[in-house]
>>> print(open('run15.tsv').read())   # TSV, C-alpha atoms
chain	number	residue	atom	x	y	z
A	1	MET	CA	18.48	-7.66	52.81
A	2	ARG	CA	15.35	-9.55	51.94
A	3	LYS	CA	13.56	-6.27	51.30
A	4	TYR	CA	16.16	-5.27	48.73
A	5	LEU	CA	15.91	-8.64	47.03
A	6	THR	CA	12.12	-8.39	46.60
A	7	LEU	CA	12.55	-4.84	45.37
A	8	LEU	CA	15.14	-5.96	42.85
A	9	ILE	CA	12.93	-8.79	41.58
A	10	LEU	CA	9.98	-6.41	41.29
A	11	LEU	CA	12.09	-3.92	39.38
A	12	MET	CA	13.28	-6.62	37.03
A	13	LEU	CA	9.70	-7.72	36.41
A	14	VAL	CA	8.69	-4.16	35.57
A	15	VAL	CA	11.62	-3.78	33.18
A	16	ILE	CA	10.88	-7.10	31.46
A	17	THR	CA	7.17	-6.28	31.12
A	18	ALA	CA	7.97	-2.84	29.74
A	19	TYR	CA	10.48	-4.29	27.29
A	20	ASN	CA	8.03	-6.95	26.10
A	21	TYR	CA	5.39	-4.28	25.62
A	22	LEU	CA	7.66	-1.90	23.70
A	23	TYR	CA	9.22	-4.59	21.55
A	24	GLN	CA	6.24	-6.91	21.14
A	25	ALA	CA	6.20	-9.19	18.11
A	26	HIS	CA	4.26	-8.39	14.95
A	27	ARG	CA	0.97	-10.16	14.36
A	28	ASN	CA	1.40	-13.59	12.86
A	29	ILE	CA	-1.48	-13.74	10.39
A	30	GLU	CA	-0.77	-17.36	9.47
A	31	THR	CA	-1.48	-18.63	12.98
A	32	GLU	CA	-4.44	-16.31	13.69
A	33	THR	CA	-7.98	-17.66	13.48
A	34	PRO	CA	-9.72	-15.98	10.53
A	35	GLU	CA	-12.63	-13.72	11.42
A	36	PHE	CA	-14.29	-14.36	8.08
A	37	VAL	CA	-14.09	-17.11	5.48
A	38	VAL	CA	-15.36	-15.89	2.09
A	39	SER	CA	-15.15	-16.52	-1.62
A	40	SER	CA	-13.44	-13.85	-3.69
A	41	GLN	CA	-16.69	-13.14	-5.60
A	42	SER	CA	-18.70	-12.62	-2.43
A	43	LEU	CA	-16.01	-10.38	-0.91
A	44	PHE	CA	-15.77	-8.25	-4.04
A	45	GLN	CA	-19.55	-7.93	-4.33
A	46	GLN	CA	-19.79	-6.73	-0.74
A	47	PHE	CA	-17.25	-3.99	-1.46
A	48	ALA	CA	-18.91	-3.09	-4.76
A	49	LYS	CA	-22.33	-2.76	-3.09
A	50	ASN	CA	-21.35	-1.04	0.11
A	51	PRO	CA	-17.72	0.06	0.26
A	52	SER	CA	-17.82	1.97	3.56
A	53	ASN	CA	-19.65	-0.71	5.55
A	54	SER	CA	-17.40	-3.39	4.10
A	55	GLU	CA	-14.35	-1.38	5.12
A	56	ILE	CA	-15.59	-1.21	8.70
A	57	LYS	CA	-16.34	-4.93	8.64
A	58	TYR	CA	-13.09	-6.17	7.14
A	59	LEU	CA	-10.28	-3.59	7.63
A	60	ASN	CA	-7.25	-5.01	9.43
A	61	LYS	CA	-9.02	-8.37	9.88
A	62	THR	CA	-7.53	-11.75	9.14
A	63	ILE	CA	-9.63	-13.52	6.51
A	64	ASP	CA	-9.55	-16.70	4.45
A	65	VAL	CA	-10.44	-16.14	0.79
A	66	SER	CA	-11.00	-18.76	-1.90
A	67	GLY	CA	-10.72	-18.05	-5.59
A	68	VAL	CA	-9.05	-18.77	-8.90
A	69	ILE	CA	-5.62	-17.28	-9.53
A	70	SER	CA	-5.81	-14.81	-12.41
A	71	GLU	CA	-2.34	-13.27	-12.08
A	72	VAL	CA	0.73	-14.58	-10.37
A	73	ASN	CA	4.10	-13.16	-9.53
A	74	LYS	CA	6.87	-13.82	-7.04
A	75	GLN	CA	5.62	-11.02	-4.77
A	76	TYR	CA	1.85	-11.34	-5.10
A	77	LEU	CA	-1.06	-13.10	-6.69
A	78	VAL	CA	-4.51	-11.94	-7.78
A	79	LEU	CA	-7.71	-13.93	-7.30
A	80	ASN	CA	-10.51	-13.57	-9.88
A	81	ASP	CA	-9.01	-10.29	-11.19
A	82	ASN	CA	-10.03	-8.38	-8.09
A	83	ILE	CA	-8.43	-9.65	-4.88
A	84	PHE	CA	-4.76	-8.69	-4.65
A	85	CYS	CA	-2.75	-10.78	-2.18
A	86	LYS	CA	0.76	-9.73	-1.21
A	87	LEU	CA	2.65	-12.84	-0.14
A	88	GLU	CA	4.28	-12.93	3.27
A	89	LYS	CA	7.36	-14.57	1.78
A	90	PRO	CA	8.13	-14.08	-1.91
A	91	HIS	CA	8.40	-17.34	-3.81
A	92	ASP	CA	7.85	-18.70	-7.28
A	93	LEU	CA	4.23	-19.75	-7.78
A	94	SER	CA	4.06	-19.81	-11.58
A	95	ASN	CA	3.07	-23.50	-11.41
A	96	LEU	CA	-0.14	-22.44	-9.63
A	97	ALA	CA	-1.44	-20.19	-12.42
A	98	GLU	CA	-5.23	-20.56	-12.87
A	99	ASP	CA	-5.53	-22.92	-9.92
A	100	ARG	CA	-8.24	-22.60	-7.31
A	101	ILE	CA	-6.76	-21.87	-3.89
A	102	LEU	CA	-7.61	-20.86	-0.35
A	103	ILE	CA	-5.46	-18.05	1.01
A	104	ARG	CA	-5.18	-16.35	4.40
A	105	GLY	CA	-4.21	-12.71	4.76
A	106	ARG	CA	-4.95	-9.36	6.36
A	107	LEU	CA	-7.32	-7.03	4.50
A	108	ILE	CA	-5.80	-3.55	4.21
A	109	GLY	CA	-8.37	-1.82	2.02
A	110	TYR	CA	-9.95	-1.16	-1.35
A	111	ASP	CA	-7.84	0.17	-4.19
A	112	ASP	CA	-10.15	2.28	-6.36
A	113	LEU	CA	-7.51	2.96	-9.02
A	114	LEU	CA	-7.51	-0.67	-10.14
A	115	ASN	CA	-10.75	-1.79	-8.43
A	116	GLU	CA	-8.97	-4.34	-6.32
A	117	ILE	CA	-9.27	-5.38	-2.70
A	118	LYS	CA	-5.83	-5.63	-1.15
A	119	LEU	CA	-4.56	-8.17	1.36
A	120	ASP	CA	-1.06	-8.40	2.78
A	121	GLN	CA	0.95	-11.00	4.72
A	122	CYS	CA	-0.75	-13.77	2.74
A	123	VAL	CA	-0.08	-17.50	2.94
A	124	ILE	CA	-1.60	-20.19	0.75
A	125	LEU	CA	-3.52	-22.66	2.89
A	126	LYS	CA	-4.92	-25.05	0.34
A	127	GLN	CA	-4.83	-25.85	-3.29
A	128	PHE	CA	-7.95	-27.43	-4.79
A	129	ASN	CA	-8.27	-29.85	-7.71
B	1	MET	CA	-30.25	0.40	-32.02
B	2	LYS	CA	-29.52	3.12	-29.53
B	3	ASN	CA	-28.13	0.52	-27.14
B	4	LEU	CA	-25.96	-0.86	-29.89
B	5	ILE	CA	-24.46	2.56	-30.56
B	6	ILE	CA	-23.80	3.08	-26.85
B	7	TYR	CA	-22.24	-0.37	-26.72
B	8	PHE	CA	-19.90	0.39	-29.61
B	9	LEU	CA	-19.03	3.76	-28.16
B	10	LEU	CA	-18.21	2.09	-24.85
B	11	CYS	CA	-16.02	-0.50	-26.54
B	12	PHE	CA	-14.31	2.19	-28.52
B	13	SER	CA	-13.69	4.42	-25.52
B	14	CYS	CA	-12.40	1.42	-23.54
B	15	SER	CA	-9.92	0.63	-26.26
B	16	LEU	CA	-8.83	4.25	-26.22
B	17	VAL	CA	-8.34	4.10	-22.46
B	18	SER	CA	-6.44	0.86	-22.75
B	19	GLN	CA	-3.67	2.43	-24.77
B	20	ASN	CA	-0.50	3.76	-23.27
B	21	LYS	CA	-1.05	3.06	-19.62
B	22	TYR	CA	1.85	2.11	-17.46
B	23	ILE	CA	0.94	0.42	-14.20
B	24	THR	CA	2.50	-1.00	-11.07
B	25	LYS	CA	0.91	-2.78	-8.12
B	26	THR	CA	4.15	-3.02	-6.19
B	27	GLY	CA	5.37	0.56	-5.94
B	28	ASN	CA	7.52	1.62	-3.00
B	29	ILE	CA	7.04	4.49	-0.55
B	30	ASN	CA	9.30	4.95	2.46
B	31	PHE	CA	9.20	7.59	5.11
B	32	GLU	CA	11.59	8.34	7.89
B	33	ALA	CA	11.38	10.72	10.84
B	34	SER	CA	14.23	9.36	12.93
B	35	VAL	CA	16.15	11.39	15.47
B	36	PRO	CA	19.76	10.36	16.16
B	37	ALA	CA	20.24	8.39	19.42
B	38	PHE	CA	16.56	7.40	19.52
B	39	GLU	CA	14.84	4.41	18.01
B	40	GLU	CA	14.34	4.76	14.26
B	41	VAL	CA	10.96	6.02	13.10
B	42	LYS	CA	10.76	4.52	9.68
B	43	ALA	CA	8.22	2.68	7.57
B	44	GLU	CA	8.10	1.00	4.21
B	45	HIS	CA	5.22	0.35	1.84
B	46	LYS	CA	5.83	-2.19	-0.90
B	47	ILE	CA	2.41	-2.49	-2.54
B	48	VAL	CA	1.57	1.00	-3.77
B	49	THR	CA	-0.56	1.18	-6.91
B	50	ALA	CA	0.48	3.72	-9.54
B	51	ILE	CA	-0.76	4.52	-13.03
B	52	LEU	CA	0.91	6.71	-15.64
B	53	ASN	CA	-0.80	7.83	-18.81
B	54	SER	CA	2.10	8.17	-21.21
B	55	ASP	CA	0.04	10.22	-23.70
B	56	ASN	CA	-0.29	13.23	-21.43
B	57	GLY	CA	1.88	12.55	-18.37
B	58	GLU	CA	-1.04	12.17	-15.95
B	59	PHE	CA	0.04	10.20	-12.89
B	60	ALA	CA	-1.93	8.73	-10.00
B	61	ALA	CA	-0.79	6.71	-6.99
B	62	LEU	CA	-2.63	5.07	-4.13
B	63	ALA	CA	-1.21	3.62	-0.91
B	64	LEU	CA	-3.44	1.82	1.57
B	65	VAL	CA	-2.20	3.28	4.85
B	66	LYS	CA	-2.34	-0.04	6.72
B	67	GLY	CA	0.27	-1.32	4.29
B	68	PHE	CA	3.01	0.82	5.89
B	69	ARG	CA	5.22	-1.62	7.80
B	70	PHE	CA	7.48	-0.66	10.71
B	71	LYS	CA	10.20	-2.73	12.30
B	72	ASN	CA	8.60	-2.12	15.70
B	73	ALA	CA	5.08	-3.61	15.98
B	74	LEU	CA	3.99	-1.18	18.70
B	75	MET	CA	5.13	1.79	16.61
B	76	GLU	CA	3.09	0.42	13.70
B	77	GLU	CA	0.05	0.11	15.95
B	78	HIS	CA	0.44	3.66	17.27
B	79	PHE	CA	0.97	5.01	13.76
B	80	ASN	CA	-2.30	3.43	12.61
B	81	GLU	CA	-4.37	4.20	15.67
B	82	ASN	CA	-3.17	7.58	16.91
B	83	TYR	CA	-1.42	9.35	14.04
B	84	ALA	CA	-2.58	8.22	10.60
B	85	GLU	CA	-5.95	7.00	11.97
B	86	SER	CA	-6.06	4.43	9.21
B	87	ASP	CA	-9.50	3.11	10.17
B	88	THR	CA	-10.99	6.51	9.38
B	89	TYR	CA	-8.58	7.41	6.56
B	90	PRO	CA	-7.52	4.12	4.94
B	91	LYS	CA	-6.07	5.68	1.78
B	92	ALA	CA	-3.23	7.99	0.85
B	93	THR	CA	-3.52	9.25	-2.72
B	94	PHE	CA	-1.62	11.37	-5.18
B	95	LYS	CA	-3.05	12.78	-8.39
B	96	GLY	CA	-1.01	14.92	-10.68
B	97	LYS	CA	0.68	15.60	-13.96
B	98	ILE	CA	4.27	15.38	-15.13
B	99	ILE	CA	5.10	18.62	-16.94
B	100	ASP	CA	6.29	18.30	-20.56
B	101	PHE	CA	6.23	14.53	-20.39
B	102	ASP	CA	7.33	12.93	-23.63
B	103	LEU	CA	7.67	9.18	-23.89
B	104	SER	CA	9.96	9.36	-26.91
B	105	ASN	CA	12.57	11.35	-24.98
B	106	LEU	CA	12.97	8.73	-22.26
B	107	ASN	CA	15.90	6.34	-22.18
B	108	LEU	CA	17.99	4.20	-19.85
B	109	GLN	CA	19.66	7.27	-18.40
B	110	ALA	CA	17.39	8.90	-15.84
B	111	SER	CA	16.31	12.42	-16.79
B	112	SER	CA	14.73	14.90	-14.43
B	113	PHE	CA	11.16	16.09	-14.73
B	114	VAL	CA	8.81	18.18	-12.66
B	115	ILE	CA	5.51	16.89	-11.38
B	116	LYS	CA	2.65	18.89	-9.92
B	117	GLY	CA	-0.38	17.59	-8.13
B	118	GLU	CA	-2.22	16.93	-4.92
B	119	LEU	CA	-1.32	14.57	-2.11
B	120	THR	CA	-4.08	13.48	0.26
B	121	PHE	CA	-3.32	11.78	3.56
B	122	HIS	CA	-5.18	11.73	6.88
B	123	GLY	CA	-8.05	13.57	5.18
B	124	LYS	CA	-5.83	16.57	4.37
B	125	THR	CA	-4.70	17.60	0.91
B	126	ILE	CA	-1.47	19.42	0.16
B	127	GLN	CA	-0.40	20.84	-3.16
B	128	PHE	CA	2.88	20.19	-4.95
B	129	ASP	CA	3.76	22.72	-7.64
B	130	ASN	CA	7.21	21.66	-8.73
B	131	LEU	CA	8.43	18.41	-7.28
B	132	ASP	CA	11.57	17.07	-8.99
B	133	ILE	CA	11.41	13.46	-10.10
B	134	LEU	CA	13.70	11.17	-12.09
B	135	ILE	CA	12.34	9.11	-14.96
B	136	SER	CA	14.04	6.44	-17.03
B	137	LYS	CA	12.80	3.81	-19.46
B	138	ASN	CA	13.99	0.32	-20.20
B	139	LYS	CA	11.96	-1.36	-22.96
B	140	ASP	CA	8.40	-1.58	-21.59
B	141	ILE	CA	9.23	-0.43	-18.07
B	142	ILE	CA	9.24	3.18	-16.92
B	143	SER	CA	10.95	3.98	-13.63
B	144	ILE	CA	9.85	7.02	-11.62
B	145	SER	CA	11.53	8.02	-8.38
B	146	GLY	CA	11.83	11.03	-6.13
B	147	SER	CA	11.65	12.36	-2.61
B	148	PHE	CA	10.30	15.26	-0.60
B	149	LYS	CA	10.19	16.56	2.94
B	150	THR	CA	6.99	17.17	4.81
B	151	LYS	CA	5.69	17.78	8.33
B	152	ALA	CA	3.13	15.90	10.38
B	153	ALA	CA	1.40	19.23	11.08
B	154	ASP	CA	0.78	19.70	7.33
B	155	PHE	CA	-1.61	16.78	7.56
B	156	ASP	CA	-3.22	17.84	10.81
B	157	ILE	CA	-1.41	15.14	12.78
B	158	LYS	CA	-0.59	16.14	16.32
B	159	ILE	CA	2.50	14.63	17.93
B	160	PRO	CA	2.13	14.41	21.74
B	161	LYS	CA	4.72	16.26	23.82
B	162	ILE	CA	6.31	13.15	25.33
B	163	VAL	CA	7.37	11.72	22.00
B	164	ARG	CA	8.01	15.01	20.20
B	165	SER	CA	11.74	14.87	20.83
B	166	LYS	CA	11.94	11.36	19.36
B	167	ILE	CA	10.21	12.16	16.07
B	168	ALA	CA	11.93	14.43	13.55
B	169	LYS	CA	10.01	17.53	12.55
B	170	ASN	CA	10.87	17.06	8.92
B	171	ILE	CA	9.70	13.72	7.58
B	172	GLU	CA	11.64	12.47	4.59
B	173	VAL	CA	9.48	10.63	2.07
B	174	THR	CA	10.95	8.69	-0.85
B	175	PHE	CA	9.11	6.88	-3.60
B	176	ASN	CA	10.03	4.50	-6.37
B	177	TYR	CA	7.79	3.02	-9.08
B	178	LEU	CA	8.58	0.53	-11.81
B	179	LEU	CA	5.64	0.88	-14.15
B	180	LYS	CA	4.97	-1.77	-16.74
B	181	ARG	CA	3.14	-1.17	-19.96
B	182	LYS	CA	-0.39	-2.49	-19.73
B	183	LEU	CA	-2.03	-3.48	-22.98
B	184	LYS	CA	-5.41	-4.56	-21.67
B	185	PHE	CA	-6.97	-2.39	-19.01
B	186	ASN	CA	-9.58	-3.75	-16.68
>>> encode(input="run15.tsv", output="structure tokens")
Amino acid sequence: MRKYLTLLILLMLVVITAYNYLYQAHRNIETETPEFVVSSQSLFQQFAKNPSNSEIKYLNKTIDVSGVISEVNKQYLVLNDNIFCKLEKPHDLSNLAEDRILIRGRLIGYDDLLNEIKLDQCVILKQFN
Amino acid sequence: MKNLIIYFLLCFSCSLVSQNKYITKTGNINFEASVPAFEEVKAEHKIVTAILNSDNGEFAALALVKGFRFKNALMEEHFNENYAESDTYPKATFKGKIIDFDLSNLNLQASSFVIKGELTFHGKTIQFDNLDILISKNKDIISISGSFKTKAADFDIKIPKIVRSKIAKNIEVTFNYLLKRKLKFN
């Protein structure tokens, strides 16, 4: 009897572990520690100078970027005309236009059609001034 | 003097470029390769860049592969690491031309057009000769949408045997762009 009980518990553990592995949660960028903290100018210059090395350095990484908002929308905002940040949750930010902010997001790559670096899952951490 | 001429030429050519571009930064691409009775294999991309030159119908789109989002986090991870290999091939691009494009013929009612061009994904390029698309126009916004079927093998992506029965052979791709007229181009 006891043997069956241990076997059953073991089986349940395996099933639960397998389930948690298969249906694991998405990354939560907001609560991750950023691997890099940079200004938008410095980030853009790194990509302009050496795009392939910068890609290796930053792709899929959580970063904090500071800059001045140059374009704002419910879905996204742009820092200094060259860092595109897709917001994790769409909301109205028109009152932030031209403000200096610190934003956290995941870098997904360099868009060479518009010369923009793209981040997704972004959240605004701080608003200066 | 020579520099001045070059400068003026540059300004002039920039102003030429700036005309009649329609742009979006939030285009949509979805793909689905679900098999009934198995978990859905489906992803959505909401931040595709697309540019249309309304003078000649030239169209370009770019999707950063890591921007494809799946419901299942593990599926997203496997897609990026094993199939799309998005660290090595971070971009999916399309470059092409809409045949007989004429801005003045567009209206609220969607009309069908044909686009031809090249799609690059996973380092492989495939050619489209006559892909049907729908285009409509509402004031300063042009809407372009369409769909096509493709196969993972077309892009040199190998699906392992164990999951082969859970991923449809024909992958249905749909796209939707709302392009806004851009007056200043930077």
>>> interface_residues(input="run15.tsv", of="chain A", to="chain B", cutoff="9 Å", atoms="only C-alpha atoms", output="list in words")
Tyr21, Leu22, Tyr23, Gln24, Ala25, His26, Arg27, Glu55, Ile56, Leu59, Asn60, Gln75, Tyr76, Asp81, Phe84, Lys86, Leu107, Ile108, Gly109, Tyr110, Asp111, Asp112, Leu113, Leu114, Asn115, Lys118, Leu119 and Asp120 of chain A
>>> atom_distance(input="run15.tsv", atom1="atom CA of A:Val65", atom2="atom CA of B:His45")
22.8 Å
>>> closest_residue(input="run15.tsv", among="B:Arg164, B:Ile115, B:Phe128, B:Lys182", to="B:Val35", atoms="only C-alpha atoms")
B:Arg164
>>> closest_residue(input="run15.tsv", among="A:Thr62, A:Ser70, A:Thr17, A:Asn95", to="A:Asn82", atoms="all atoms listed in the file")
A:Ser70
>>> atom_distance(input="run15.tsv", atom1="atom CA of A:Leu102", atom2="atom CA of A:Phe47")
19.5 Å
>>> atom_distance(input="run15.tsv", atom1="atom CA of B:Thr125", atom2="atom CA of B:Asp156")
10.0 Å
>>> residues_near_point(input="run15.tsv", point="(13.8, 12.0, 4.8)", cutoff="8 Å", atoms="only C-alpha atoms", output="number ranges by chain")
B: 31-33, 147-149, 170-174
>>> residues_around(input="run15.tsv", residues="A:Val123", least_positions_apart="2", cutoff="8 Å", atoms="all atoms listed in the file", output="JSON list (two decimals) with C-alpha atoms, in the frame of the given file")
[["chain", "number", "residue", "atom", "x", "y", "z"],
["A", 30, "GLU", "CA", -0.77, -17.36, 9.47],
["A", 87, "LEU", "CA", 2.65, -12.84, -0.14],
["A", 88, "GLU", "CA", 4.28, -12.93, 3.27],
["A", 103, "ILE", "CA", -5.46, -18.05, 1.01],
["A", 104, "ARG", "CA", -5.18, -16.35, 4.40],
["A", 105, "GLY", "CA", -4.21, -12.71, 4.76],
["A", 121, "GLN", "CA", 0.95, -11.00, 4.72],
["A", 125, "LEU", "CA", -3.52, -22.66, 2.89]]
>>> closest_residue(input="run15.tsv", among="B:Glu39, B:Glu118, B:Asp140, B:Asp154", to="B:Lys97", atoms="all atoms listed in the file")
B:Glu118
>>> closest_residue(input="run15.tsv", among="B:Ser111, B:Gly117, B:Phe155, B:Ala37", to="B:Tyr89", atoms="all atoms listed in the file")
B:Phe155
>>> residues_around(input="run15.tsv", residues="B:Ala152", least_positions_apart="6", cutoff="10 Å", atoms="all atoms listed in the file", output="MDAnalysis selection string")
chainID B and resid 33 83:84 122 158:159 167:171
>>> residues_near_point(input="run15.tsv", point="(1.4, 12.2, -10.0)", cutoff="12 Å", atoms="only C-alpha atoms", output="JSON, numbers by chain")
{"B": [49, 50, 51, 52, 53, 54, 56, 57, 58, 59, 60, 61, 62, 93, 94, 95, 96, 97, 98, 99, 101, 113, 114, 115, 116, 117, 118, 119, 120, 127, 128, 129, 130, 131, 132, 133, 144, 145, 146, 175, 177]}
